[in-house]
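Okay, work16.cif now, which holds mmCIF, C-alpha atoms:
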data_structure
#
loop_
_atom_site.label_atom_id
_atom_site.label_comp_id
_atom_site.auth_asym_id
_atom_site.auth_seq_id
_atom_site.Cartn_x
_atom_site.Cartn_y
_atom_site.Cartn_z
CA MET Y 20 12.40 12.68 17.54
CA LYS Y 21 8.70 12.11 18.14
CA PHE Y 22 6.78 9.43 16.26
CA GLY Y 23 3.03 9.26 15.69
CA VAL Y 24 1.42 5.94 14.78
CA VAL Y 25 -1.99 6.39 13.17
CA VAL Y 26 -4.68 3.96 14.27
CA PHE Y 27 -7.41 3.28 11.70
CA PRO Y 28 -10.36 0.97 12.36
CA GLY Y 29 -8.83 -2.37 11.43
CA SER Y 30 -5.18 -1.46 11.98
CA ASN Y 31 -3.52 -4.40 13.73
CA CYS Y 32 0.21 -3.66 13.63
CA ASP Y 33 -0.07 -0.33 15.44
CA GLU Y 34 0.77 -1.86 18.82
CA ASP Y 35 3.81 -3.71 17.42
CA MET Y 36 5.06 -0.48 15.87
CA VAL Y 37 4.59 1.48 19.10
CA TYR Y 38 6.34 -1.30 21.05
CA VAL Y 39 9.40 -1.30 18.80
CA LEU Y 40 9.71 2.48 18.75
CA ARG Y 41 9.12 2.90 22.50
CA ASN Y 42 10.57 -0.24 24.10
CA ILE Y 43 13.30 -1.30 21.70
CA LEU Y 44 14.49 2.10 20.44
CA ASN Y 45 13.51 4.22 23.47
CA LEU Y 46 11.79 6.86 21.36
CA GLU Y 47 8.89 9.14 22.11
CA VAL Y 48 5.79 7.80 20.39
CA VAL Y 49 2.07 8.57 20.48
CA LYS Y 50 -0.90 6.91 18.87
CA LEU Y 51 -2.99 9.13 16.60
CA TRP Y 52 -6.67 8.24 16.20
CA HIS Y 53 -7.81 8.41 12.59
CA LYS Y 54 -10.71 10.74 13.43
CA ASP Y 55 -8.42 13.36 14.95
CA HIS Y 56 -6.95 16.29 13.08
CA ASP Y 57 -3.95 16.91 15.33
CA LEU Y 58 -0.58 15.37 14.49
CA GLN Y 59 0.64 16.41 17.97
CA ASN Y 60 3.88 17.91 16.67
CA CYS Y 61 5.23 14.53 15.61
CA ASP Y 62 8.35 14.51 13.46
CA CYS Y 63 7.49 11.25 11.76
CA ILE Y 64 4.07 9.76 11.03
CA VAL Y 65 3.74 5.99 10.66
CA LEU Y 66 0.77 4.35 8.94
CA PRO Y 67 0.86 0.81 10.31
CA GLY Y 68 -0.16 -2.52 8.83
CA GLY Y 69 -3.56 -4.11 9.18
CA PHE Y 70 -6.86 -4.20 7.39
CA SER Y 71 -8.17 -0.66 7.64
CA TYR Y 72 -11.92 -0.60 7.00
CA GLY Y 73 -11.82 -4.36 6.45
CA ASP Y 74 -9.95 -3.84 3.16
CA TYR Y 75 -13.37 -3.07 1.66
CA LEU Y 76 -13.42 -1.75 -1.91
CA ARG Y 77 -9.61 -1.84 -2.23
CA SER Y 78 -6.93 -2.05 0.47
CA GLY Y 79 -6.34 1.45 1.82
CA ALA Y 80 -8.98 3.11 -0.37
CA ILE Y 81 -11.34 4.15 2.42
CA ALA Y 82 -8.64 4.94 4.98
CA ARG Y 83 -7.25 7.44 2.52
CA PHE Y 84 -10.33 9.55 3.27
CA SER Y 85 -10.12 9.21 7.07
CA PRO Y 86 -10.15 12.66 8.72
CA ILE Y 87 -6.51 12.57 9.86
CA MET Y 88 -5.29 11.87 6.33
CA LYS Y 89 -5.94 15.49 5.37
CA GLU Y 90 -3.29 16.55 7.89
CA VAL Y 91 -0.98 13.64 7.01
CA ILE Y 92 -1.07 14.64 3.32
CA GLU Y 93 -0.42 18.30 4.16
CA PHE Y 94 2.43 17.26 6.48
CA ALA Y 95 3.97 15.09 3.75
CA ASN Y 96 3.61 17.79 1.12
CA LYS Y 97 5.50 20.17 3.39
CA GLY Y 98 8.38 17.68 3.60
CA GLY Y 99 7.34 15.83 6.77
CA MET Y 100 8.46 12.22 7.11
CA VAL Y 101 5.70 9.64 6.57
CA ILE Y 102 6.26 5.88 6.59
CA GLY Y 103 3.68 3.29 5.52
CA ILE Y 104 4.13 -0.39 6.30
CA CYS Y 105 1.99 -2.95 4.44
CA ASN Y 106 -1.56 -1.53 4.70
CA GLY Y 107 0.11 1.82 5.38
CA PHE Y 108 1.94 1.50 2.03
CA GLN Y 109 -1.39 0.74 0.34
CA ILE Y 110 -2.95 3.84 1.94
CA LEU Y 111 -0.04 6.02 0.76
CA CYS Y 112 -0.47 4.77 -2.81
CA GLU Y 113 -4.24 5.30 -2.67
CA SER Y 114 -3.73 8.83 -1.36
CA GLY Y 115 -1.35 9.68 -4.19
CA LEU Y 116 1.59 10.35 -1.85
CA LEU Y 117 3.38 7.45 -3.50
CA PRO Y 118 3.09 6.44 -7.15
CA GLY Y 119 1.65 3.11 -8.31
CA ALA Y 120 -0.72 0.65 -6.67
CA LEU Y 121 -0.73 -2.66 -4.81
CA LEU Y 122 -2.67 -5.39 -6.57
CA HIS Y 123 -3.80 -8.85 -5.48
CA ASN Y 124 -0.87 -11.23 -5.18
CA GLU Y 125 -0.20 -13.08 -8.40
CA ASN Y 126 -1.21 -16.41 -6.84
CA HIS Y 127 -4.32 -14.85 -5.25
CA GLN Y 128 -3.31 -16.13 -1.84
CA PHE Y 129 -2.63 -14.36 1.42
CA ILE Y 130 1.11 -14.84 1.94
CA CYS Y 131 2.51 -14.84 5.47
CA LYS Y 132 6.18 -15.82 5.63
CA ASN Y 133 9.74 -14.60 5.90
CA ILE Y 134 11.18 -13.22 2.69
CA HIS Y 135 14.50 -11.53 1.86
CA ILE Y 136 15.02 -8.00 0.68
CA LYS Y 137 17.97 -5.82 -0.21
CA ALA Y 138 18.29 -2.07 -0.21
CA GLU Y 139 18.92 -0.40 -3.52
CA TYR Y 140 20.45 2.87 -2.32
CA GLN Y 141 21.85 4.21 0.93
CA ASP Y 142 20.69 7.80 0.49
CA SER Y 143 17.23 7.42 2.02
CA ALA Y 144 16.15 7.63 5.64
CA LEU Y 145 15.07 3.98 5.67
CA THR Y 146 18.18 2.54 4.09
CA ALA Y 147 20.98 4.83 5.28
CA LEU Y 148 22.76 2.13 7.32
CA ILE Y 149 22.02 -0.86 5.08
CA SER Y 150 25.01 -1.77 2.92
CA SER Y 151 24.32 -2.63 -0.70
CA ASP Y 152 25.33 -6.27 -0.21
CA ALA Y 153 23.28 -6.80 2.97
CA VAL Y 154 20.30 -9.15 2.81
CA LEU Y 155 17.50 -8.65 5.35
CA LYS Y 156 15.12 -11.41 6.37
CA ILE Y 157 11.77 -9.74 7.09
CA PRO Y 158 8.26 -11.19 7.31
CA ILE Y 159 5.49 -10.28 4.89
CA ALA Y 160 1.77 -10.81 5.55
CA HIS Y 161 -0.47 -9.58 2.78
CA GLY Y 162 -3.00 -10.53 0.12
CA GLU Y 163 -2.58 -7.39 -1.93
CA GLY Y 164 1.12 -6.66 -2.17
CA ARG Y 165 1.91 -6.92 -5.86
CA TYR Y 166 3.40 -3.53 -6.56
CA TYR Y 167 2.41 -2.21 -9.96
CA ALA Y 168 3.08 1.00 -11.85
CA ASP Y 169 3.06 1.77 -15.56
CA GLN Y 170 6.33 1.76 -17.48
CA GLU Y 171 6.72 5.54 -17.43
CA THR Y 172 6.35 5.63 -13.63
CA LEU Y 173 8.75 2.70 -13.23
CA ASP Y 174 11.34 4.42 -15.39
CA SER Y 175 11.13 7.56 -13.26
CA LEU Y 176 11.33 5.51 -10.03
CA GLU Y 177 14.49 3.82 -11.30
CA GLN Y 178 16.03 7.05 -12.58
CA ASN Y 179 15.34 9.00 -9.39
CA GLY Y 180 16.55 6.23 -7.11
CA GLN Y 181 13.13 5.83 -5.50
CA ILE Y 182 13.20 2.05 -5.18
CA LEU Y 183 14.06 1.31 -1.56
CA PHE Y 184 13.87 -2.48 -1.42
CA ARG Y 185 13.63 -5.39 -3.81
CA TYR Y 186 12.73 -8.99 -3.01
CA CYS Y 187 15.77 -11.24 -3.39
CA ASP Y 188 16.95 -14.69 -2.44
CA GLU Y 189 19.02 -15.51 0.63
CA SER Y 190 22.24 -14.69 -1.20
CA GLY Y 191 20.96 -11.32 -2.42
CA LYS Y 192 20.12 -12.25 -6.01
CA VAL Y 193 17.00 -10.55 -7.32
CA THR Y 194 15.23 -13.43 -9.06
CA LYS Y 195 11.73 -14.31 -10.21
CA GLU Y 196 11.64 -17.17 -7.68
CA SER Y 197 12.39 -14.82 -4.78
CA ASN Y 198 9.49 -12.55 -5.70
CA PRO Y 199 6.66 -13.66 -3.40
CA ASN Y 200 3.73 -11.76 -4.90
CA GLY Y 201 4.57 -10.92 -8.51
CA ALA Y 202 5.56 -7.31 -7.81
CA VAL Y 203 6.88 -5.57 -10.89
CA ASN Y 204 10.72 -5.56 -10.92
CA ASN Y 205 10.64 -7.34 -7.49
CA ILE Y 206 9.75 -4.03 -5.82
CA ALA Y 207 9.10 -4.37 -2.08
CA GLY Y 208 9.33 -0.70 -1.09
CA ILE Y 209 9.59 2.74 -2.64
CA CYS Y 210 9.77 6.40 -1.67
CA ASN Y 211 8.51 9.60 -3.28
CA GLN Y 212 10.72 11.83 -5.36
CA SER Y 213 11.58 14.18 -2.48
CA LYS Y 214 12.42 11.16 -0.30
CA ASN Y 215 10.26 12.02 2.69
CA VAL Y 216 7.40 9.54 2.08
CA PHE Y 217 8.23 5.83 2.30
CA GLY Y 218 6.24 2.66 1.75
CA MET Y 219 7.15 -1.00 2.08
CA MET Y 220 5.18 -4.26 2.19
CA PRO Y 221 7.50 -6.24 4.55
CA HIS Y 222 7.08 -5.72 8.30
CA PRO Y 223 10.32 -4.53 9.95
CA GLU Y 224 8.45 -4.00 13.23
CA ARG Y 225 7.92 -7.76 13.40
CA ALA Y 226 11.67 -8.33 13.17
CA ALA Y 227 13.21 -5.90 15.65
CA ASP Y 228 13.08 -7.70 19.00
CA VAL Y 229 15.58 -10.38 20.10
CA GLU Y 230 12.71 -12.21 21.80
CA LEU Y 231 11.20 -12.87 18.37
CA GLY Y 232 14.35 -14.48 17.05
CA ASN Y 233 14.92 -12.04 14.21
CA VAL Y 234 16.25 -8.50 14.45
CA ASP Y 235 16.97 -7.87 10.76
CA GLY Y 236 14.31 -5.15 10.66
CA LYS Y 237 15.88 -3.09 13.41
CA ILE Y 238 18.46 -1.53 11.09
CA ILE Y 239 15.64 0.17 9.17
CA PHE Y 240 14.57 2.06 12.29
CA GLU Y 241 18.20 2.75 13.19
CA SER Y 242 18.69 4.18 9.71
CA ILE Y 243 15.89 6.68 10.27
CA LEU Y 244 17.49 7.79 13.53
CA SER Y 245 21.01 7.97 12.11
CA LEU Y 246 19.93 10.29 9.33
CA VAL Y 247 17.90 12.50 11.63
CA ASN Y 248 20.66 12.67 14.26
CA SER Y 249 23.29 13.56 11.71
CA MET P 17 -34.62 14.41 -8.11
CA LYS P 18 -33.24 11.07 -7.14
CA PHE P 19 -31.19 8.98 -9.54
CA THR P 20 -29.85 5.46 -9.28
CA ALA P 21 -26.42 4.67 -10.65
CA GLU P 22 -25.40 1.18 -11.70
CA ILE P 23 -21.60 1.17 -11.68
CA ASP P 24 -19.22 -1.47 -12.99
CA VAL P 25 -15.59 -1.38 -11.90
CA MET P 26 -13.29 -3.75 -13.78
CA PRO P 27 -9.57 -4.56 -13.53
CA LEU P 28 -7.71 -2.98 -16.45
CA LYS P 29 -7.42 -5.34 -19.42
CA ALA P 30 -3.62 -5.06 -19.44
CA LEU P 31 -3.35 -6.35 -15.86
CA LEU P 32 -3.41 -9.92 -14.63
CA ASP P 33 -6.67 -10.64 -12.77
CA PRO P 34 -5.76 -13.58 -10.49
CA GLN P 35 -9.36 -13.97 -9.27
CA GLY P 36 -10.72 -14.19 -12.81
CA LYS P 37 -7.96 -16.60 -13.74
CA ALA P 38 -8.71 -18.90 -10.78
CA VAL P 39 -12.44 -18.89 -11.55
CA GLY P 40 -11.62 -19.61 -15.21
CA HIS P 41 -9.70 -22.70 -14.10
CA GLY P 42 -12.68 -23.76 -11.96
CA LEU P 43 -15.06 -23.43 -14.92
CA SER P 44 -12.71 -25.46 -17.05
CA ASN P 45 -12.46 -28.13 -14.34
CA MET P 46 -16.25 -28.44 -14.14
CA GLY P 47 -16.31 -29.21 -17.85
CA LEU P 48 -17.01 -25.82 -19.43
CA LYS P 49 -13.82 -25.75 -21.44
CA GLU P 50 -15.34 -23.38 -24.01
CA ILE P 51 -15.29 -20.54 -21.46
CA GLY P 52 -12.16 -18.45 -21.17
CA ASN P 53 -10.82 -14.98 -20.41
CA VAL P 54 -12.83 -14.64 -17.19
CA ARG P 55 -12.40 -11.26 -15.52
CA ILE P 56 -13.98 -10.25 -12.23
CA GLY P 57 -14.83 -6.75 -11.11
CA LYS P 58 -17.34 -5.06 -8.85
CA HIS P 59 -20.90 -3.95 -9.39
CA ILE P 60 -21.94 -0.99 -7.23
CA THR P 61 -25.36 0.63 -7.03
CA LEU P 62 -26.02 3.94 -5.33
CA GLU P 63 -28.61 6.68 -5.20
CA VAL P 64 -27.81 10.32 -5.75
CA GLU P 65 -29.89 13.43 -5.15
CA ALA P 66 -29.40 16.06 -7.86
CA GLY P 67 -31.23 18.84 -9.70
CA THR P 68 -30.48 17.48 -13.15
CA LYS P 69 -29.22 14.30 -14.72
CA GLU P 70 -26.01 16.06 -15.71
CA GLU P 71 -25.38 17.10 -12.12
CA ALA P 72 -25.99 13.53 -10.95
CA GLN P 73 -23.64 12.29 -13.65
CA ASN P 74 -20.88 14.62 -12.46
CA LYS P 75 -21.30 13.51 -8.84
CA VAL P 76 -21.17 9.82 -9.69
CA ASP P 77 -18.17 10.45 -11.93
CA GLU P 78 -16.36 12.15 -9.05
CA ALA P 79 -17.21 9.24 -6.73
CA CYS P 80 -15.86 6.76 -9.29
CA LYS P 81 -12.69 8.74 -9.95
CA LYS P 82 -11.79 9.50 -6.34
CA LEU P 83 -12.90 6.45 -4.39
CA LEU P 84 -14.88 3.72 -6.14
CA SER P 85 -12.13 2.93 -8.65
CA ASN P 86 -8.38 3.39 -8.85
CA PRO P 87 -7.41 4.44 -12.39
CA ILE P 88 -3.99 2.80 -12.02
CA MET P 89 -5.60 -0.64 -11.86
CA GLU P 90 -9.28 -0.31 -12.78
CA SER P 91 -11.70 1.16 -15.28
CA TYR P 92 -15.31 2.08 -14.58
CA HIS P 93 -18.54 2.53 -16.43
CA PHE P 94 -21.97 3.53 -15.15
CA VAL P 95 -25.57 3.92 -16.19
CA LEU P 96 -27.77 6.51 -14.51
CA ASN P 97 -31.56 6.27 -14.24
CA ALA P 98 -34.09 8.66 -12.71
CA ASN P 99 -36.01 6.92 -9.92
#
What does the file become when written as structure tokens?
Amino acid sequence: MKFGVVVFPGSNCDEDMVYVLRNILNLEVVKLWHKDHDLQNCDCIVLPGGFSYGDYLRSGAIARFSPIMKEVIEFANKGGMVIGICNGFQILCESGLLPGALLHNENHQFICKNIHIKAEYQDSALTALISSDAVLKIPIAHGEGRYYADQETLDSLEQNGQILFRYCDESGKVTKESNPNGAVNNIAGICNQSKNVFGMMPHPERAADVELGNVDGKIIFESILSLVNS
Amino acid sequence: MKFTAEIDVMPLKALLDPQGKAVGHGLSNMGLKEIGNVRIGKHITLEVEAGTKEEAQNKVDEACKKLLSNPIMESYHFVLNAN
């Protein structure tokens, strides 16, 4: 399985993502420059975290119109797997590949800390190996991570099983106190209806190497591989 | 013809605007307790080349819809003047 990590001006988690995919999981991975139009036959496109275009206007708004996004959107619409982490999630929402939007955190602060999440369902590529009672400790680092969608959209997300992760406390309880940014219904990650486009605010690539003292994020990458290999 | 658009993009009324709220607290702290419901958006100006005002209007509308605002979280309004 070949991964392509898109590099926008201002991406800063691209190298971490490449490192985890290449050095920790021994996968084939290439970087894709945002001005290119060639996805180089990748099987999975990753939009990494960072501050594309300085977060000007709105996070992800300008990156959505980067040249390579035309191909990424076509690829996704044909069923290709696309994953957005943090700024990548914001870009996917701005591009309409995922419903909803990411607003300024409720407390209007940039939040950089470990939080806990749990997977809602096991039938998606990102959550296939994560049991329903597992709690993952994963770092977040964002100023605009408050997921928001109108009630109608939320209802359809819930009904279609599109909510991948919710913020929870250490014991797995989804509470108001464990919600770091005010995201509606504690939503930390979602997927599209056909379950090939995924977005999440937490950074699993920052929690996948023993050297960093936390490998809770690794299971998310292993889930992708398990589903593809089966 | 060249037109100038004065565009206001505002967070939707139904949504919490943390920036406006924080500034509202600041105004209250400096003694202006009569001021409330502060909301903060963006003011954008741009020039557009078009044959008619209607054409310019359509172009600015497209810019607002597709990039300058996000209808999920913001509303926009603009005024267009011939230069």
Can you translate the PyMOL selection byres ((chain Y and resi 116-133) around 9) into the concrete residues it hits in this file, as a PyMOL selection string?
(chain Y and resi 77-78+92+95-96+108-115+134-135+156-169+172-173+176+199-202+209-212+216-218+221) or (chain P and resi 32-35+38+86+88-89)
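Using only C-alpha atoms, the nearest neighbour of chain P within the list Y:Asn233, Y:Gln170, Y:Ser213, Y:Thr146 is Y:Gln170.
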For a quick check of understanding, using all atoms listed in the file, which of Y:His56, Y:Arg83, Y:Cys63, Y:Thr194 has the smallest distance to chain P?
Y:Arg83
Using only C-alpha atoms for the distances, tell me which of P:Lys81, P:Lys69, P:Lys37, P:Lys58 is nearest to P:Asn99.
P:Lys69
So which residues get picked by the PyMOL selection byres ((chain P and resi 54) around 8) here, written as an MDAnalysis selection string?
chainID P and resid 36:37 39:40 51:53 55:56
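Separating atom CA of Y:Leu183 from atom CA of Y:Val37 is a distance of 22.7 Å.
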Compare P:Leu62, P:Met26, P:Leu48, P:Met17 by their minimum atom-to-atom distance to P:Tyr92, counting only C-alpha atoms, and give me the closest one.
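Checking each candidate against P:Tyr92, we get P:Met26 as the closest.
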